[in-house]
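To keep things clear, I will list the structure first and then write my remarks on it.
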Amino acid sequence: MNAGQGPDAVLEALDPDQQEVARATRGPVCVLAGAGTGKTRAVAHRIGYAVASGIVRPDRVLAVTFTTRAAGELRGRLRQLGSVAVPGAGLEQVQARTFHSAALRQLTHFWPTTVGGPAPAVVESKVGLLAEAARRLRLRIGLAELRNCATPRPRSNGPR
């Protein structure tokens with residue numbers, strides 16, 4: 001590899017705490033930090049460092065996040081890291097998904113062989129399901145009421 005590329009190049013742009021995260025290539029790591037402190041950056045560099053060091057294969061990495069935005073940001077950071085610090089390492093092969101997306105992908109992959117038949121469909125909106133249920137029960141419910149029923153409510157932690 002050229003100078004400025006490889007495992008050490010992955011660490012160059014990180015502060016000492018982020019470098020500690022990136023170097024922890026085995027096992028789980030808990031990163032507790034506030035918003036905007038570089039957690040996603042540290043995780044992306046951890047993956048990049050492990051791949052550049054030959055510890056993991058990029059096509060065997062699944063990084064999971066809570067939001068679609070965070071998964072997209074992680075993919076973008078991995079692409080950027082792959083083009084600058086470790087070109088040709090295959091960081092574009094890393095799967096970065098939300099927990100839900102990763103679970104759905106596994107469900108649809110394994111369903112036919114473990115359960116049989118096509119995997120259940122995922123609906124975009126609960127309103128249609130609720131409308132069908134109401135129709136079958138011969139209930140007359142308007143669209144506003146259906147939408148109200150389909151919208152999750154914040155949970156109260158107080159007494160019930």
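Going through the structure tokens in order, the chains are called A, B, and so on, while each chain numbers its residues from 1 and the ligands are numbered from 1 in the order shown.
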
Please, which residues of chain A, numbered as in this document, come out strand (DSSP E or B) from DSSP, as a list in words?
-> Leu62, Ala63, Val64, Thr65, Gln95, Ala96, Arg97 and Thr98 of chain A

Using only C-alpha atoms, find the one residue out of A:Ala133, A:Ala35, A:Ile141, A:Ala22 that sits nearest to Ile47 in chain A.
-> A:Ala22

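Between Val51 in chain A and the residues A:Ala63, A:Ala103, A:Ala89, A:Ala13, the shortest atom-to-atom distance, using only C-alpha atoms, involves A:Ala89.
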
Using only C-alpha atoms, determine which residues lie at most 7 Å from Leu74 in chain A, disregarding the query and same-chain residues fewer than 2 positions distant; provide the list as a PDB file with N, CA, C and O atoms, in the first residue's frame.
ATOM      1  N   THR A  40     -20.537   7.930  15.127  1.00  0.00           N
ATOM      2  CA  THR A  40     -20.673   7.275  13.825  1.00  0.00           C
ATOM      3  C   THR A  40     -19.330   7.253  13.114  1.00  0.00           C
ATOM      4  O   THR A  40     -18.953   6.250  12.504  1.00  0.00           O
ATOM      5  N   ALA A  44     -17.415   3.875  11.941  1.00  0.00           N
ATOM      6  CA  ALA A  44     -16.990   3.686  10.553  1.00  0.00           C
ATOM      7  C   ALA A  44     -15.493   3.409  10.484  1.00  0.00           C
ATOM      8  O   ALA A  44     -15.042   2.513   9.755  1.00  0.00           O
ATOM      9  N   ALA A  70     -29.032   7.369   9.994  1.00  0.00           N
ATOM     10  CA  ALA A  70     -27.746   6.941  10.544  1.00  0.00           C
ATOM     11  C   ALA A  70     -27.114   5.849   9.683  1.00  0.00           C
ATOM     12  O   ALA A  70     -25.901   5.843   9.467  1.00  0.00           O
ATOM     13  N   ALA A  71     -27.931   4.929   9.172  1.00  0.00           N
ATOM     14  CA  ALA A  71     -27.407   3.871   8.299  1.00  0.00           C
ATOM     15  C   ALA A  71     -26.843   4.482   7.023  1.00  0.00           C
ATOM     16  O   ALA A  71     -25.758   4.091   6.559  1.00  0.00           O
ATOM     17  N   GLY A  72     -27.537   5.447   6.450  1.00  0.00           N
ATOM     18  CA  GLY A  72     -27.047   6.122   5.250  1.00  0.00           C
ATOM     19  C   GLY A  72     -25.764   6.886   5.509  1.00  0.00           C
ATOM     20  O   GLY A  72     -24.842   6.876   4.694  1.00  0.00           O
ATOM     21  N   GLY A  76     -22.118   6.230   3.831  1.00  0.00           N
ATOM     22  CA  GLY A  76     -21.372   7.315   3.198  1.00  0.00           C
ATOM     23  C   GLY A  76     -19.975   7.462   3.771  1.00  0.00           C
ATOM     24  O   GLY A  76     -19.000   7.649   3.034  1.00  0.00           O
ATOM     25  N   ARG A  77     -19.875   7.360   5.074  1.00  0.00           N
ATOM     26  CA  ARG A  77     -18.559   7.470   5.715  1.00  0.00           C
ATOM     27  C   ARG A  77     -17.653   6.307   5.313  1.00  0.00           C
ATOM     28  O   ARG A  77     -16.456   6.489   5.117  1.00  0.00           O
ATOM     29  N   LEU A  78     -18.225   5.122   5.192  1.00  0.00           N
ATOM     30  CA  LEU A  78     -17.426   3.962   4.771  1.00  0.00           C
ATOM     31  C   LEU A  78     -16.949   4.124   3.325  1.00  0.00           C
ATOM     32  O   LEU A  78     -15.797   3.795   3.009  1.00  0.00           O
ATOM     33  N   ALA A  96     -24.624  -1.718   5.969  1.00  0.00           N
ATOM     34  CA  ALA A  96     -25.023  -0.825   7.062  1.00  0.00           C
ATOM     35  C   ALA A  96     -26.525  -0.619   6.919  1.00  0.00           C
ATOM     36  O   ALA A  96     -26.991  -0.063   5.935  1.00  0.00           O
TER      37      ALA A  96
END

Exercise: Ala50 in chain A partners within 12 Å, only C-alpha atoms, chain neighbours under 5 positions left out, as a PyMOL selection string | chain A and resi 6-8+10-11+21-27+43-45+55-58+60-61+86+89-91+94

Would you list, as a PyMOL selection string, the residues of chain A that end up in alpha helix (DSSP H) under DSSP run on this structure's backbone?
-> chain A and resi 7-11+16-23+39-52+68-84+99-114+126-136+143-150

File of the preceding selection, C-alpha atoms, as a PDB file, in the first residue's frame:
ATOM      1  CA  PRO A   7      -4.698   0.656   8.885  1.00  0.00           C
ATOM      2  CA  ASP A   8      -2.684   3.599  10.220  1.00  0.00           C
ATOM      3  CA  ALA A   9      -4.209   5.944   7.646  1.00  0.00           C
ATOM      4  CA  VAL A  10      -7.650   5.036   8.976  1.00  0.00           C
ATOM      5  CA  LEU A  11      -6.650   6.353  12.406  1.00  0.00           C
ATOM      6  CA  PRO A  16      -7.447   9.665  20.907  1.00  0.00           C
ATOM      7  CA  ASP A  17     -10.847   8.473  22.183  1.00  0.00           C
ATOM      8  CA  GLN A  18     -12.035   7.708  18.662  1.00  0.00           C
ATOM      9  CA  GLN A  19      -8.766   5.896  17.940  1.00  0.00           C
ATOM     10  CA  GLU A  20      -9.379   3.726  20.997  1.00  0.00           C
ATOM     11  CA  VAL A  21     -12.787   2.759  19.572  1.00  0.00           C
ATOM     12  CA  ALA A  22     -11.316   2.071  16.120  1.00  0.00           C
ATOM     13  CA  ARG A  23      -8.520  -0.119  17.499  1.00  0.00           C
ATOM     14  CA  LYS A  39     -19.687   8.141  17.402  1.00  0.00           C
ATOM     15  CA  THR A  40     -20.673   7.275  13.825  1.00  0.00           C
ATOM     16  CA  ARG A  41     -17.268   8.401  12.620  1.00  0.00           C
ATOM     17  CA  ALA A  42     -15.550   6.215  15.217  1.00  0.00           C
ATOM     18  CA  VAL A  43     -17.678   3.186  14.277  1.00  0.00           C
ATOM     19  CA  ALA A  44     -16.990   3.686  10.553  1.00  0.00           C
ATOM     20  CA  HIS A  45     -13.273   3.937  11.266  1.00  0.00           C
ATOM     21  CA  ARG A  46     -13.449   0.857  13.499  1.00  0.00           C
ATOM     22  CA  ILE A  47     -14.862  -1.114  10.580  1.00  0.00           C
ATOM     23  CA  GLY A  48     -12.317   0.428   8.193  1.00  0.00           C
ATOM     24  CA  TYR A  49      -9.443  -0.333  10.557  1.00  0.00           C
ATOM     25  CA  ALA A  50     -10.543  -3.960  11.038  1.00  0.00           C
ATOM     26  CA  VAL A  51     -10.862  -4.446   7.267  1.00  0.00           C
ATOM     27  CA  ALA A  52      -7.561  -2.694   6.485  1.00  0.00           C
ATOM     28  CA  THR A  68     -32.352   5.105   8.203  1.00  0.00           C
ATOM     29  CA  ARG A  69     -30.483   8.399   8.326  1.00  0.00           C
ATOM     30  CA  ALA A  70     -27.746   6.941  10.544  1.00  0.00           C
ATOM     31  CA  ALA A  71     -27.407   3.871   8.299  1.00  0.00           C
ATOM     32  CA  GLY A  72     -27.047   6.122   5.250  1.00  0.00           C
ATOM     33  CA  GLU A  73     -24.501   8.291   7.033  1.00  0.00           C
ATOM     34  CA  LEU A  74     -22.503   5.216   8.020  1.00  0.00           C
ATOM     35  CA  ARG A  75     -22.529   3.902   4.426  1.00  0.00           C
ATOM     36  CA  GLY A  76     -21.372   7.315   3.198  1.00  0.00           C
ATOM     37  CA  ARG A  77     -18.559   7.470   5.715  1.00  0.00           C
ATOM     38  CA  LEU A  78     -17.426   3.962   4.771  1.00  0.00           C
ATOM     39  CA  ARG A  79     -17.424   4.885   1.056  1.00  0.00           C
ATOM     40  CA  GLN A  80     -15.389   8.005   1.786  1.00  0.00           C
ATOM     41  CA  LEU A  81     -12.977   6.101   4.001  1.00  0.00           C
ATOM     42  CA  GLY A  82     -12.630   3.412   1.337  1.00  0.00           C
ATOM     43  CA  SER A  83     -11.777   5.966  -1.331  1.00  0.00           C
ATOM     44  CA  VAL A  84      -9.236   7.902   0.758  1.00  0.00           C
ATOM     45  CA  PHE A  99     -32.195  -3.062  12.874  1.00  0.00           C
ATOM     46  CA  HIS A 100     -35.563  -3.399  11.143  1.00  0.00           C
ATOM     47  CA  SER A 101     -34.093  -3.492   7.642  1.00  0.00           C
ATOM     48  CA  ALA A 102     -31.520  -6.119   8.626  1.00  0.00           C
ATOM     49  CA  ALA A 103     -34.180  -8.272  10.292  1.00  0.00           C
ATOM     50  CA  LEU A 104     -36.509  -7.984   7.295  1.00  0.00           C
ATOM     51  CA  ARG A 105     -33.714  -8.914   4.905  1.00  0.00           C
ATOM     52  CA  GLN A 106     -32.895 -12.020   6.950  1.00  0.00           C
ATOM     53  CA  LEU A 107     -36.568 -12.916   7.261  1.00  0.00           C
ATOM     54  CA  THR A 108     -37.168 -12.737   3.524  1.00  0.00           C
ATOM     55  CA  HIS A 109     -33.951 -14.657   2.812  1.00  0.00           C
ATOM     56  CA  PHE A 110     -34.547 -17.542   5.216  1.00  0.00           C
ATOM     57  CA  TRP A 111     -38.362 -17.763   5.164  1.00  0.00           C
ATOM     58  CA  PRO A 112     -38.702 -19.925   2.016  1.00  0.00           C
ATOM     59  CA  THR A 113     -36.316 -22.622   3.292  1.00  0.00           C
ATOM     60  CA  THR A 114     -37.274 -22.601   6.977  1.00  0.00           C
ATOM     61  CA  LYS A 126     -51.769   0.237   8.750  1.00  0.00           C
ATOM     62  CA  VAL A 127     -54.722   2.301   7.549  1.00  0.00           C
ATOM     63  CA  GLY A 128     -55.602  -0.160   4.776  1.00  0.00           C
ATOM     64  CA  LEU A 129     -55.506  -3.109   7.153  1.00  0.00           C
ATOM     65  CA  LEU A 130     -57.684  -1.298   9.669  1.00  0.00           C
ATOM     66  CA  ALA A 131     -60.135  -0.298   6.928  1.00  0.00           C
ATOM     67  CA  GLU A 132     -60.396  -3.928   5.789  1.00  0.00           C
ATOM     68  CA  ALA A 133     -60.935  -5.122   9.374  1.00  0.00           C
ATOM     69  CA  ALA A 134     -63.635  -2.493   9.930  1.00  0.00           C
ATOM     70  CA  ARG A 135     -65.339  -3.431   6.655  1.00  0.00           C
ATOM     71  CA  ARG A 136     -65.388  -7.118   7.615  1.00  0.00           C
ATOM     72  CA  LEU A 143     -60.586   7.931   7.216  1.00  0.00           C
ATOM     73  CA  ALA A 144     -59.720  10.365  10.019  1.00  0.00           C
ATOM     74  CA  GLU A 145     -60.643   7.783  12.669  1.00  0.00           C
ATOM     75  CA  LEU A 146     -58.682   5.072  10.828  1.00  0.00           C
ATOM     76  CA  ARG A 147     -55.608   7.298  10.670  1.00  0.00           C
ATOM     77  CA  ASN A 148     -56.024   8.116  14.350  1.00  0.00           C
ATOM     78  CA  CYS A 149     -56.122   4.395  15.203  1.00  0.00           C
ATOM     79  CA  ALA A 150     -53.063   3.704  13.055  1.00  0.00           C
TER      80      ALA A 150
END

Using only C-alpha atoms, which of A:Leu62, A:Ala33, A:Val115, A:Val122 sits nearest Gln93 in chain A?
-> A:Leu62

Of A:Ala119, A:Val64, A:Arg97, A:Ser125, the one sitting nearest Thr151 in chain A when using only C-alpha atoms is A:Ser125

Gap from CA of Pro118 in chain A to CA of Thr65 in chain A - Å, one decimal | 26.9 Å
